[in-house]
file query-v8.cif (mmCIF, C-alpha atoms)
data_target
loop_
_atom_site.group_PDB
_atom_site.id
_atom_site.type_symbol
_atom_site.label_atom_id
_atom_site.label_comp_id
_atom_site.auth_asym_id
_atom_site.auth_seq_id
_atom_site.Cartn_x
_atom_site.Cartn_y
_atom_site.Cartn_z
ATOM 1 C CA MET A 1 11.889 -27.140 -28.417
ATOM 2 C CA SER A 2 9.008 -29.580 -28.831
ATOM 3 C CA LEU A 3 5.532 -28.522 -29.894
ATOM 4 C CA LEU A 4 4.276 -29.178 -26.353
ATOM 5 C CA GLN A 5 6.990 -27.037 -24.803
ATOM 6 C CA GLU A 6 6.296 -24.235 -27.264
ATOM 7 C CA LEU A 7 2.595 -24.344 -26.366
ATOM 8 C CA GLY A 8 3.486 -24.205 -22.684
ATOM 9 C CA ALA A 9 5.784 -21.233 -23.217
ATOM 10 C CA GLN A 10 3.091 -19.330 -25.112
ATOM 11 C CA LEU A 11 0.517 -20.038 -22.421
ATOM 12 C CA ARG A 12 2.922 -18.949 -19.700
ATOM 13 C CA ALA A 13 3.752 -15.726 -21.559
ATOM 14 C CA THR A 14 0.047 -14.987 -22.072
ATOM 15 C CA SER A 15 -0.655 -15.546 -18.379
ATOM 16 C CA ASP A 16 2.256 -13.324 -17.317
ATOM 17 C CA ASP A 17 1.116 -10.548 -19.664
ATOM 18 C CA LEU A 18 -2.362 -10.330 -18.152
ATOM 19 C CA PRO A 19 -2.693 -6.891 -16.487
ATOM 20 C CA THR A 20 -3.390 -8.308 -13.019
ATOM 21 C CA GLY A 21 -1.011 -5.903 -11.320
ATOM 22 C CA LEU A 22 -2.341 -2.866 -13.173
ATOM 23 C CA VAL A 23 -5.943 -3.704 -12.277
ATOM 24 C CA ALA A 24 -4.962 -4.258 -8.634
ATOM 25 C CA ALA A 25 -3.103 -0.930 -8.586
ATOM 26 C CA ALA A 26 -6.133 0.852 -10.056
ATOM 27 C CA MET A 27 -8.340 -0.833 -7.448
ATOM 28 C CA ASP A 28 -6.112 0.337 -4.595
ATOM 29 C CA LYS A 29 -6.033 3.907 -5.915
ATOM 30 C CA LEU A 30 -9.824 3.922 -6.198
ATOM 31 C CA ARG A 31 -10.088 2.761 -2.595
ATOM 32 C CA SER A 32 -7.703 5.472 -1.405
ATOM 33 C CA ALA A 33 -9.635 8.107 -3.360
ATOM 34 C CA THR A 34 -12.900 6.855 -1.848
ATOM 35 C CA ASP A 35 -11.532 7.160 1.676
ATOM 36 C CA LEU A 36 -10.318 10.710 1.050
ATOM 37 C CA LEU A 37 -13.643 11.739 -0.479
ATOM 38 C CA ARG A 38 -15.570 10.239 2.436
ATOM 39 C CA TRP A 39 -13.520 12.335 4.827
ATOM 40 C CA VAL A 40 -14.027 15.487 2.749
ATOM 41 C CA GLN A 41 -17.735 14.771 2.452
ATOM 42 C CA GLU A 42 -18.115 15.002 6.225
ATOM 43 C CA GLU A 43 -17.512 18.748 5.824
ATOM 44 C CA SER A 44 -19.712 19.166 2.752
ATOM 45 C CA SER A 45 -23.344 18.573 1.912
ATOM 46 C CA LYS A 46 -22.599 17.994 -1.774
ATOM 47 C CA ASP A 47 -22.469 14.616 -3.478
ATOM 48 C CA LEU A 48 -18.772 14.176 -4.213
ATOM 49 C CA GLY A 49 -19.041 10.926 -6.129
ATOM 50 C CA VAL A 50 -18.301 8.433 -3.324
ATOM 51 C CA LEU A 51 -21.063 6.088 -4.521
ATOM 52 C CA ARG A 52 -19.766 6.131 -8.100
ATOM 53 C CA LEU A 53 -16.246 5.407 -6.902
ATOM 54 C CA GLY A 54 -17.598 2.488 -4.903
ATOM 55 C CA HIS A 55 -19.216 1.045 -8.046
ATOM 56 C CA ALA A 56 -15.965 1.520 -9.985
ATOM 57 C CA THR A 57 -14.051 -0.297 -7.240
ATOM 58 C CA GLU A 58 -16.474 -3.223 -7.398
ATOM 59 C CA HIS A 59 -15.989 -3.472 -11.165
ATOM 60 C CA ALA A 60 -12.197 -3.423 -10.663
ATOM 61 C CA GLU A 61 -12.477 -6.156 -8.031
ATOM 62 C CA THR A 62 -14.532 -8.304 -10.411
ATOM 63 C CA ALA A 63 -11.949 -7.810 -13.163
ATOM 64 C CA ALA A 64 -9.082 -8.662 -10.794
ATOM 65 C CA ALA A 65 -10.847 -11.836 -9.639
ATOM 66 C CA ALA A 66 -11.455 -12.893 -13.249
ATOM 67 C CA LEU A 67 -7.807 -12.325 -14.157
ATOM 68 C CA ARG A 68 -6.584 -14.326 -11.154
ATOM 69 C CA ALA A 69 -9.002 -17.152 -12.027
ATOM 70 C CA THR A 70 -7.631 -17.169 -15.582
ATOM 71 C CA GLN A 71 -4.048 -17.389 -14.336
ATOM 72 C CA ASP A 72 -4.988 -20.222 -11.964
ATOM 73 C CA ALA A 73 -6.661 -22.087 -14.820
ATOM 74 C CA VAL A 74 -3.590 -21.680 -17.054
ATOM 75 C CA GLU A 75 -1.337 -22.874 -14.220
ATOM 76 C CA ALA A 76 -3.563 -25.916 -13.634
ATOM 77 C CA TYR A 77 -3.491 -26.762 -17.347
ATOM 78 C CA LEU A 78 0.299 -26.455 -17.479
ATOM 79 C CA MET A 79 0.541 -28.747 -14.470
ATOM 80 C CA VAL A 80 -1.546 -31.365 -16.283
ATOM 81 C CA LEU A 81 0.844 -31.074 -19.218
ATOM 82 C CA GLY A 82 3.804 -31.523 -16.883
ATOM 83 C CA LEU A 83 5.068 -27.999 -17.592
ATOM 84 C CA SER A 84 4.410 -26.359 -14.232
ATOM 85 C CA GLY A 85 7.164 -24.014 -13.166
ATOM 86 C CA THR A 86 8.185 -22.999 -16.671
ATOM 87 C CA PRO A 87 9.942 -19.688 -16.122
ATOM 88 C CA GLY A 88 8.259 -16.562 -17.407
ATOM 89 C CA THR A 89 8.301 -12.916 -16.484
ATOM 90 C CA ALA A 90 8.323 -12.444 -12.729
ATOM 91 C CA PRO A 91 4.868 -11.409 -11.495
ATOM 92 C CA GLY A 92 4.145 -9.011 -8.675
ATOM 93 C CA GLN A 93 6.785 -6.426 -9.533
ATOM 94 C CA GLU A 94 4.429 -3.450 -9.770
ATOM 95 C CA TRP A 95 5.645 -2.100 -6.437
ATOM 96 C CA ARG A 96 9.008 -1.273 -8.010
ATOM 97 C CA THR A 97 7.372 1.284 -10.304
ATOM 98 C CA GLU A 98 5.512 2.865 -7.374
ATOM 99 C CA MET A 99 8.708 3.127 -5.315
ATOM 100 C CA ARG A 100 10.768 4.935 -7.928
ATOM 101 C CA ARG A 101 11.663 8.472 -6.923
ATOM 102 C CA GLU A 102 9.591 11.174 -8.505
ATOM 103 C CA GLU A 103 11.573 13.341 -10.890
ATOM 104 C CA ARG A 104 10.377 16.917 -10.655
ATOM 105 C CA PRO A 105 11.843 19.348 -13.172
ATOM 106 C CA GLU A 106 13.416 22.352 -11.561
ATOM 107 C CA ARG A 107 11.549 25.560 -12.358
ATOM 108 C CA ALA A 108 13.712 28.631 -12.645
ATOM 109 C CA ALA A 109 12.488 31.458 -10.418
ATOM 110 C CA ARG A 110 11.637 34.697 -12.181
ATOM 111 C CA PRO A 111 13.300 37.886 -10.891
ATOM 112 C CA ASP A 112 9.962 39.610 -10.386
ATOM 113 C CA GLU A 113 8.389 36.593 -8.679
ATOM 114 C CA PRO A 114 7.934 36.763 -4.891
ATOM 115 C CA PRO A 115 9.531 33.980 -2.855
ATOM 116 C CA ALA A 116 7.430 30.882 -2.375
ATOM 117 C CA GLU A 117 5.661 30.710 0.954
ATOM 118 C CA LYS A 118 4.178 27.781 2.797
ATOM 119 C CA VAL A 119 0.454 27.445 2.455
ATOM 120 C CA GLU A 120 -1.027 27.746 5.934
ATOM 121 C CA SER A 121 -4.687 28.215 5.097
ATOM 122 C CA LEU A 122 -5.598 24.761 6.391
ATOM 123 C CA GLY A 123 -3.161 24.847 9.294
ATOM 124 C CA PRO A 124 -0.731 22.098 10.289
ATOM 125 C CA TRP A 125 -3.426 19.416 10.479
ATOM 126 C CA TRP A 126 -1.003 16.708 9.340
ATOM 127 C CA GLN A 127 1.350 17.345 12.275
ATOM 128 C CA GLN A 128 -1.582 17.483 14.691
ATOM 129 C CA ARG A 129 -2.901 14.135 13.507
ATOM 130 C CA VAL A 130 0.551 12.519 13.542
ATOM 131 C CA ALA A 131 0.928 13.654 17.160
ATOM 132 C CA GLN A 132 -2.361 11.952 18.031
ATOM 133 C CA LEU A 133 -1.382 8.729 16.283
ATOM 134 C CA THR A 134 2.179 8.420 17.540
ATOM 135 C CA GLY A 135 1.987 10.235 20.866
ATOM 136 C CA GLU A 136 5.059 12.254 19.798
ATOM 137 C CA SER A 137 4.839 16.056 19.939
ATOM 138 C CA PRO A 138 5.615 17.975 16.724
ATOM 139 C CA PRO A 139 8.491 20.477 16.443
ATOM 140 C CA GLY A 140 7.379 23.782 17.872
ATOM 141 C CA GLY A 141 4.967 22.145 20.320
ATOM 142 C CA SER A 142 1.342 21.084 20.035
ATOM 143 C CA ASP A 143 0.024 24.660 20.142
ATOM 144 C CA ARG A 144 2.054 25.990 17.195
ATOM 145 C CA PRO A 145 3.530 23.026 15.322
ATOM 146 C CA GLU A 146 5.885 23.710 12.433
ATOM 147 C CA LEU A 147 4.754 22.816 8.923
ATOM 148 C CA GLY A 148 6.753 20.026 7.290
ATOM 149 C CA GLU A 149 8.552 20.092 3.961
ATOM 150 C CA GLN A 150 7.771 18.517 0.593
ATOM 151 C CA ALA A 151 9.616 15.228 0.057
ATOM 152 C CA ASP A 152 9.412 12.037 -1.974
ATOM 153 C CA PRO A 153 6.890 9.587 -0.429
ATOM 154 C CA SER A 154 8.983 6.547 -1.394
ATOM 155 C CA ASP A 155 12.025 7.977 0.406
ATOM 156 C CA LEU A 156 9.852 8.767 3.412
ATOM 157 C CA LEU A 157 8.549 5.198 3.435
ATOM 158 C CA ARG A 158 12.085 3.797 3.525
ATOM 159 C CA ARG A 159 12.960 6.044 6.477
ATOM 160 C CA ILE A 160 9.796 5.040 8.308
ATOM 161 C CA ALA A 161 10.494 1.351 7.677
ATOM 162 C CA ALA A 162 13.961 1.751 9.192
ATOM 163 C CA GLY A 163 12.499 3.351 12.304
ATOM 164 C CA VAL A 164 9.818 0.676 12.622
ATOM 165 C CA ARG A 165 12.372 -2.129 12.341
ATOM 166 C CA ALA A 166 14.356 -0.478 15.148
ATOM 167 C CA GLY A 167 11.183 -0.146 17.226
ATOM 168 C CA ASP A 168 11.903 3.575 17.631
ATOM 169 C CA ARG A 169 8.599 5.438 18.022
ATOM 170 C CA ALA A 170 10.343 8.777 18.586
ATOM 171 C CA ARG A 171 12.168 8.397 15.269
ATOM 172 C CA LEU A 172 8.909 7.450 13.561
ATOM 173 C CA GLY A 173 7.299 10.613 14.921
ATOM 174 C CA ARG A 174 10.186 12.795 13.758
ATOM 175 C CA GLU A 175 10.046 11.394 10.215
ATOM 176 C CA LEU A 176 6.300 11.923 9.922
ATOM 177 C CA HIS A 177 6.352 15.413 11.463
ATOM 178 C CA ALA A 178 9.149 16.492 9.103
ATOM 179 C CA VAL A 179 6.962 16.300 5.962
ATOM 180 C CA ASN A 180 3.889 18.179 4.836
ATOM 181 C CA ALA A 181 0.424 16.736 4.295
ATOM 182 C CA SER A 182 0.923 16.246 0.559
ATOM 183 C CA THR A 183 3.967 14.033 1.106
ATOM 184 C CA GLY A 184 2.349 12.168 3.983
ATOM 185 C CA LEU A 185 -0.813 11.371 2.068
ATOM 186 C CA GLY A 186 1.411 10.171 -0.784
ATOM 187 C CA LEU A 187 2.206 7.136 1.380
ATOM 188 C CA SER A 188 -1.288 5.862 0.552
ATOM 189 C CA ALA A 189 -0.268 5.672 -3.108
ATOM 190 C CA VAL A 190 3.080 3.851 -2.716
ATOM 191 C CA THR A 191 2.131 1.256 -0.067
ATOM 192 C CA PRO A 192 -0.747 -0.893 -1.487
ATOM 193 C CA GLN A 193 1.212 -2.971 -4.032
ATOM 194 C CA LEU A 194 4.173 -3.239 -1.682
ATOM 195 C CA LEU A 195 2.022 -4.434 1.227
ATOM 196 C CA HIS A 196 0.351 -7.023 -0.964
ATOM 197 C CA ARG A 197 3.748 -8.348 -2.088
ATOM 198 C CA LEU A 198 5.242 -8.414 1.433
ATOM 199 C CA ALA A 199 2.173 -10.150 2.830
ATOM 200 C CA GLY A 200 2.413 -12.748 0.069
ATOM 201 C CA ASP A 201 6.069 -13.366 0.898
ATOM 202 C CA LEU A 202 5.210 -13.764 4.585
ATOM 203 C CA LEU A 203 2.301 -16.114 3.919
ATOM 204 C CA GLY A 204 4.074 -18.086 1.204
ATOM 205 C CA HIS A 205 1.206 -17.584 -1.246
ATOM 206 C CA GLU A 206 -1.033 -14.896 -2.734
ATOM 207 C CA PRO A 207 -2.947 -13.246 0.152
ATOM 208 C CA ARG A 208 -6.522 -14.503 0.384
ATOM 209 C CA PRO A 209 -9.504 -13.327 2.474
ATOM 210 C CA GLU A 210 -9.036 -16.210 4.899
ATOM 211 C CA ASP A 211 -5.486 -14.981 5.636
ATOM 212 C CA VAL A 212 -6.672 -11.806 7.415
ATOM 213 C CA PRO A 213 -6.531 -13.360 10.947
ATOM 214 C CA ARG A 214 -2.982 -14.632 10.389
ATOM 215 C CA LEU A 215 -1.752 -11.244 9.208
ATOM 216 C CA ARG A 216 -3.574 -9.527 12.065
ATOM 217 C CA THR A 217 -1.786 -11.752 14.576
ATOM 218 C CA ALA A 218 1.574 -11.019 12.935
ATOM 219 C CA ALA A 219 1.179 -7.236 12.856
ATOM 220 C CA GLU A 220 -1.415 -5.948 15.300
ATOM 221 C CA GLY A 221 0.727 -5.791 18.458
ATOM 222 C CA ARG A 222 3.656 -4.028 16.812
ATOM 223 C CA VAL A 223 1.447 -1.521 14.985
ATOM 224 C CA LYS A 224 -0.407 -0.675 18.192
ATOM 225 C CA ALA A 225 2.876 -0.194 20.091
ATOM 226 C CA LEU A 226 4.174 2.271 17.495
ATOM 227 C CA LEU A 227 0.821 3.978 16.868
ATOM 228 C CA PRO A 228 -1.005 3.994 20.203
ATOM 229 C CA GLY A 229 -3.531 6.503 18.861
ATOM 230 C CA THR A 230 -4.644 4.503 15.834
ATOM 231 C CA GLN A 231 -8.072 2.875 15.686
ATOM 232 C CA PRO A 232 -8.368 -0.924 15.177
ATOM 233 C CA ASP A 233 -10.652 -0.363 12.173
ATOM 234 C CA VAL A 234 -7.815 1.283 10.234
ATOM 235 C CA LEU A 235 -5.520 -1.753 10.420
ATOM 236 C CA GLU A 236 -8.444 -4.096 9.782
ATOM 237 C CA THR A 237 -9.362 -2.206 6.596
ATOM 238 C CA LEU A 238 -5.756 -2.352 5.372
ATOM 239 C CA LEU A 239 -5.578 -6.098 5.996
ATOM 240 C CA ASP A 240 -8.864 -6.600 4.145
ATOM 241 C CA ARG A 241 -7.480 -4.732 1.147
ATOM 242 C CA ILE A 242 -4.199 -6.655 1.209
ATOM 243 C CA CYS A 243 -6.126 -9.935 1.186
ATOM 244 C CA ARG A 244 -8.549 -8.689 -1.496
ATOM 245 C CA VAL A 245 -11.628 -9.067 0.703
ATOM 246 C CA PRO A 246 -14.609 -8.050 -1.494
ATOM 247 C CA LEU A 247 -15.775 -4.483 -0.994
ATOM 248 C CA ARG A 248 -19.272 -5.596 0.078
ATOM 249 C CA GLN A 249 -17.817 -7.682 2.908
ATOM 250 C CA GLN A 250 -15.654 -4.758 4.004
ATOM 251 C CA GLN A 251 -18.693 -2.493 4.118
ATOM 252 C CA GLU A 252 -20.640 -5.091 6.125
ATOM 253 C CA LYS A 253 -17.803 -5.330 8.665
ATOM 254 C CA ARG A 254 -17.520 -1.551 8.980
ATOM 255 C CA GLY A 255 -21.275 -0.989 9.136
ATOM 256 C CA ASP A 256 -22.331 2.615 9.495
ATOM 257 C CA ARG A 257 -19.102 3.736 11.151
ATOM 258 C CA PRO A 258 -17.743 6.856 9.415
ATOM 259 C CA ALA A 259 -14.487 6.720 7.485
ATOM 260 C CA GLY A 260 -11.429 7.698 9.508
ATOM 261 C CA HIS A 261 -9.044 10.585 9.066
ATOM 262 C CA PRO A 262 -7.111 10.355 5.752
ATOM 263 C CA ALA A 263 -3.794 10.553 7.599
ATOM 264 C CA ASP A 264 -4.668 7.406 9.574
ATOM 265 C CA ASN A 265 -4.595 5.164 6.522
ATOM 266 C CA ALA A 266 -1.345 6.648 5.174
ATOM 267 C CA VAL A 267 0.538 6.466 8.478
ATOM 268 C CA THR A 268 -0.734 3.008 9.448
ATOM 269 C CA ALA A 269 0.061 1.598 5.998
ATOM 270 C CA SER A 270 3.652 2.852 6.230
ATOM 271 C CA VAL A 271 4.111 1.379 9.710
ATOM 272 C CA LEU A 272 2.559 -1.912 8.581
ATOM 273 C CA THR A 273 5.096 -1.995 5.741
ATOM 274 C CA GLY A 274 7.918 -1.734 8.270
ATOM 275 C CA VAL A 275 6.365 -4.422 10.472
ATOM 276 C CA LEU A 276 6.061 -6.899 7.591
ATOM 277 C CA LEU A 277 9.645 -6.168 6.554
ATOM 278 C CA ALA A 278 10.797 -6.904 10.111
ATOM 279 C CA ARG A 279 8.792 -10.157 10.155
ATOM 280 C CA LEU A 280 10.534 -11.170 6.945
ATOM 281 C CA GLY A 281 13.947 -10.251 8.355
ATOM 282 C CA ARG A 282 14.540 -7.579 5.704
ATOM 283 C CA ASP A 283 15.742 -4.017 6.062
ATOM 284 C CA ALA A 284 14.579 -0.797 4.436
ATOM 285 C CA GLY A 285 17.168 -1.201 1.667
ATOM 286 C CA SER A 286 15.086 -4.008 0.155
ATOM 287 C CA LEU A 287 12.490 -1.349 -0.748
ATOM 288 C CA GLU A 288 14.810 0.189 -3.301
ATOM 289 C CA PRO A 289 13.214 -0.342 -6.736
ATOM 290 C CA ASP A 290 16.459 -1.780 -8.144
ATOM 291 C CA ALA A 291 17.142 -4.090 -5.175
ATOM 292 C CA PRO A 292 17.478 -7.788 -6.116
ATOM 293 C CA GLU A 293 14.714 -10.191 -5.216
ATOM 294 C CA PRO A 294 15.283 -11.803 -1.791
ATOM 295 C CA VAL A 295 16.444 -15.411 -1.975
ATOM 296 C CA ARG A 296 13.756 -17.656 -0.531
ATOM 297 C CA PRO A 297 14.044 -21.235 0.753
ATOM 298 C CA ARG A 298 13.378 -23.942 -1.808
ATOM 299 C CA ALA A 299 10.329 -25.127 0.124
ATOM 300 C CA GLU A 300 8.619 -21.755 -0.328
ATOM 301 C CA ALA A 301 9.448 -21.604 -4.019
ATOM 302 C CA ALA A 302 8.113 -25.140 -4.510
ATOM 303 C CA GLU A 303 4.869 -24.199 -2.727
ATOM 304 C CA ASP A 304 4.421 -21.185 -5.013
ATOM 305 C CA ARG A 305 4.733 -23.399 -8.092
ATOM 306 C CA ARG A 306 2.074 -25.802 -6.882
#
call {"tool": "encode", "arguments": {"input": "query-v8.cif", "output": "structure tokens"}}
result
Amino acid sequence: MSLLQELGAQLRATSDDLPTGLVAAAMDKLRSATDLLRWVQEESSKDLGVLRLGHATEHAETAAAALRATQDAVEAYLMVLGLSGTPGTAPGQEWRTEMRREERPERAARPDEPPAEKVESLGPWWQQRVAQLTGESPPGGSDRPELGEQADPSDLLRRIAAGVRAGDRARLGRELHAVNASTGLGLSAVTPQLLHRLAGDLLGHEPRPEDVPRLRTAAEGRVKALLPGTQPDVLETLLDRICRVPLRQQQEKRGDRPAGHPADNAVTASVLTGVLLARLGRDAGSLEPDAPEPVRPRAEAAEDRR
């Protein structure tokens, strides 16, 4: 290996090791936490830290932008050296970690311990909201819906994606009604990195703020058909986050409108995942964390290297 090639390899390795994915994941989790706190704050007069979370999100966005600019600069320099396309570690694989099944250790029940009971203090609000979003009645009827069970959010997402690809709204409703609120809200944690990756594959490049209209055109009709009760602002906010629209611009677009129900973001994000998969011609099996990378046409790969 020549000295020039060795320099290129070191630069490529340094660029690949930058924690871009980790910062983006932290940013998405901060946004999800902010949305949940905004909803909770509607029922409380106390300051729950929404403003501080907003400042933290802005700092994360600044860090993410700086990291992406650094990677672009390294790529441009390698291109000048004639070393563009030197293989390194594959970027954008953070979604695989998020999609791995949670391993919960089994806790042995004590003889003198009463059997576990479902917590009903808050009522089946998840099922009620799912019914409003999907138009599908929960088991037991709208008056006394049955509480769902605890499940793995990544498994739930795969089942939802399969139903979305089939265009089966009844199946989508059954899958969402079958889980409890904790599992359903967990969709907000497993979808951000995956949506960003799928959108990038559909666009052929890293999603940018100017790509929001294109993604809206590709997804809006299908999302609305499957979730007739969802508000347009929910999908718009998700698209803004996918395309890394700065937080200030998002706030300007939303104005003084209150944050939506926390279930809206989780359910819409899972349906959007299925829609993007369908647009890419992939099935729910491609969401398995150990699934091989889809083979893309050479033209797309060449565009990514430029």
call {"tool": "closest_residue", "arguments": {"input": "query-v8.cif", "among": "A:Thr273, A:Thr217, A:Gln132, A:Ser154", "to": "Glu288 in chain A", "atoms": "all atoms listed in the file"}}
result
A:Ser154
call {"tool": "resolve_selection", "arguments": {"input": "query-v8.cif", "expression": "the PyMOL selection byres ((chain A and resi 171-173) around 12)", "output": "number ranges by chain"}}
result
A: 126-139, 156-170, 174-179, 223, 225-228, 267-268, 270-271, 274
call {"tool": "write_last_selection", "arguments": {"input": "query-v8.cif", "atoms": "C-alpha atoms", "output": "mmCIF file, in the frame of the given file"}}
result
data_model
loop_
_atom_site.group_PDB
_atom_site.id
_atom_site.type_symbol
_atom_site.label_atom_id
_atom_site.label_comp_id
_atom_site.auth_asym_id
_atom_site.auth_seq_id
_atom_site.Cartn_x
_atom_site.Cartn_y
_atom_site.Cartn_z
ATOM 1 C CA TRP A 126 -1.003 16.708 9.340
ATOM 2 C CA GLN A 127 1.350 17.345 12.275
ATOM 3 C CA GLN A 128 -1.582 17.483 14.691
ATOM 4 C CA ARG A 129 -2.901 14.135 13.507
ATOM 5 C CA VAL A 130 0.551 12.519 13.542
ATOM 6 C CA ALA A 131 0.928 13.654 17.160
ATOM 7 C CA GLN A 132 -2.361 11.952 18.031
ATOM 8 C CA LEU A 133 -1.382 8.729 16.283
ATOM 9 C CA THR A 134 2.179 8.420 17.540
ATOM 10 C CA GLY A 135 1.987 10.235 20.866
ATOM 11 C CA GLU A 136 5.059 12.254 19.798
ATOM 12 C CA SER A 137 4.839 16.056 19.939
ATOM 13 C CA PRO A 138 5.615 17.975 16.724
ATOM 14 C CA PRO A 139 8.491 20.477 16.443
ATOM 15 C CA LEU A 156 9.852 8.767 3.412
ATOM 16 C CA LEU A 157 8.549 5.198 3.435
ATOM 17 C CA ARG A 158 12.085 3.797 3.525
ATOM 18 C CA ARG A 159 12.960 6.044 6.477
ATOM 19 C CA ILE A 160 9.796 5.040 8.308
ATOM 20 C CA ALA A 161 10.494 1.351 7.677
ATOM 21 C CA ALA A 162 13.961 1.751 9.192
ATOM 22 C CA GLY A 163 12.499 3.351 12.304
ATOM 23 C CA VAL A 164 9.818 0.676 12.622
ATOM 24 C CA ARG A 165 12.372 -2.129 12.341
ATOM 25 C CA ALA A 166 14.356 -0.478 15.148
ATOM 26 C CA GLY A 167 11.183 -0.146 17.226
ATOM 27 C CA ASP A 168 11.903 3.575 17.631
ATOM 28 C CA ARG A 169 8.599 5.438 18.022
ATOM 29 C CA ALA A 170 10.343 8.777 18.586
ATOM 30 C CA ARG A 174 10.186 12.795 13.758
ATOM 31 C CA GLU A 175 10.046 11.394 10.215
ATOM 32 C CA LEU A 176 6.300 11.923 9.922
ATOM 33 C CA HIS A 177 6.352 15.413 11.463
ATOM 34 C CA ALA A 178 9.149 16.492 9.103
ATOM 35 C CA VAL A 179 6.962 16.300 5.962
ATOM 36 C CA VAL A 223 1.447 -1.521 14.985
ATOM 37 C CA ALA A 225 2.876 -0.194 20.091
ATOM 38 C CA LEU A 226 4.174 2.271 17.495
ATOM 39 C CA LEU A 227 0.821 3.978 16.868
ATOM 40 C CA PRO A 228 -1.005 3.994 20.203
ATOM 41 C CA VAL A 267 0.538 6.466 8.478
ATOM 42 C CA THR A 268 -0.734 3.008 9.448
ATOM 43 C CA SER A 270 3.652 2.852 6.230
ATOM 44 C CA VAL A 271 4.111 1.379 9.710
ATOM 45 C CA GLY A 274 7.918 -1.734 8.270
#
call {"tool": "axis_aligned_box", "arguments": {"input": "query-v8.cif", "around": "range 268-286 of chain A", "padding_each_side": "8 Å", "output": "JSON"}}
result
{"center_x": 8.2, "center_y": -4.1, "center_z": 5.3, "size_x": 33.9, "size_y": 30.2, "size_z": 26.3}
call {"tool": "residues_near_point", "arguments": {"input": "query-v8.cif", "point": "(-1.1, 5.2, -0.2)", "cutoff": "8 Å", "atoms": "only C-alpha atoms", "output": "MDAnalysis selection string"}}
result
chainID A and resid 29 32 185:192 265:266 269
call {"tool": "atom_distance", "arguments": {"input": "query-v8.cif", "atom1": "CA of Leu7 in chain A", "atom2": "CA of Asp72 in chain A"}}
result
16.8 Å
call {"tool": "closest_residue", "arguments": {"input": "query-v8.cif", "among": "A:Leu215, A:Val245, A:Met79, A:Ala263", "to": "Ala65 in chain A", "atoms": "all atoms listed in the file"}}
result
A:Val245
call {"tool": "closest_residue", "arguments": {"input": "query-v8.cif", "among": "A:Thr62, A:Gly82, A:Gly204, A:Arg100", "to": "Asp290 in chain A", "atoms": "only C-alpha atoms"}}
result
A:Arg100
call {"tool": "atom_distance", "arguments": {"input": "query-v8.cif", "atom1": "CA of Ala9 in chain A", "atom2": "CA of Tyr77 in chain A"}}
result
12.3 Å
call {"tool": "residues_around", "arguments": {"input": "query-v8.cif", "residues": "Ala218 in chain A", "least_positions_apart": "5", "cutoff": "9 Å", "atoms": "all atoms listed in the file", "output": "PyMOL selection string"}}
result
chain A and resi 213+275-276+279
call {"tool": "build_atoms", "arguments": {"input": "query-v8.cif", "residues": "range 64-75 of chain A", "atoms": "N, CA and C atoms", "output": "mmCIF file, in the frame of the given file"}}
result
data_model
loop_
_atom_site.group_PDB
_atom_site.id
_atom_site.type_symbol
_atom_site.label_atom_id
_atom_site.label_comp_id
_atom_site.auth_asym_id
_atom_site.auth_seq_id
_atom_site.Cartn_x
_atom_site.Cartn_y
_atom_site.Cartn_z
ATOM 1 N N ALA A 64 -10.265 -8.058 -11.406
ATOM 2 C CA ALA A 64 -9.082 -8.662 -10.794
ATOM 3 C C ALA A 64 -9.324 -10.133 -10.474
ATOM 4 N N ALA A 65 -10.523 -10.444 -9.961
ATOM 5 C CA ALA A 65 -10.847 -11.836 -9.639
ATOM 6 C C ALA A 65 -10.874 -12.697 -10.902
ATOM 7 N N ALA A 66 -11.409 -12.142 -11.994
ATOM 8 C CA ALA A 66 -11.455 -12.893 -13.249
ATOM 9 C C ALA A 66 -10.050 -13.151 -13.793
ATOM 10 N N LEU A 67 -9.180 -12.157 -13.694
ATOM 11 C CA LEU A 67 -7.807 -12.325 -14.157
ATOM 12 C C LEU A 67 -7.061 -13.372 -13.330
ATOM 13 N N ARG A 68 -7.247 -13.329 -12.004
ATOM 14 C CA ARG A 68 -6.584 -14.326 -11.154
ATOM 15 C C ARG A 68 -7.105 -15.725 -11.450
ATOM 16 N N ALA A 69 -8.431 -15.847 -11.689
ATOM 17 C CA ALA A 69 -9.002 -17.152 -12.027
ATOM 18 C C ALA A 69 -8.424 -17.673 -13.339
ATOM 19 N N THR A 70 -8.227 -16.769 -14.297
ATOM 20 C CA THR A 70 -7.631 -17.169 -15.582
ATOM 21 C C THR A 70 -6.205 -17.666 -15.383
ATOM 22 N N GLN A 71 -5.416 -16.950 -14.590
ATOM 23 C CA GLN A 71 -4.048 -17.389 -14.336
ATOM 24 C C GLN A 71 -4.009 -18.730 -13.618
ATOM 25 N N ASP A 72 -4.929 -18.932 -12.664
ATOM 26 C CA ASP A 72 -4.988 -20.222 -11.964
ATOM 27 C C ASP A 72 -5.336 -21.349 -12.931
ATOM 28 N N ALA A 73 -6.261 -21.063 -13.851
ATOM 29 C CA ALA A 73 -6.661 -22.087 -14.820
ATOM 30 C C ALA A 73 -5.501 -22.444 -15.752
ATOM 31 N N VAL A 74 -4.754 -21.423 -16.201
ATOM 32 C CA VAL A 74 -3.590 -21.680 -17.054
ATOM 33 C C VAL A 74 -2.545 -22.500 -16.299
ATOM 34 N N GLU A 75 -2.314 -22.148 -15.031
ATOM 35 C CA GLU A 75 -1.337 -22.874 -14.220
ATOM 36 C C GLU A 75 -1.754 -24.330 -14.037
#
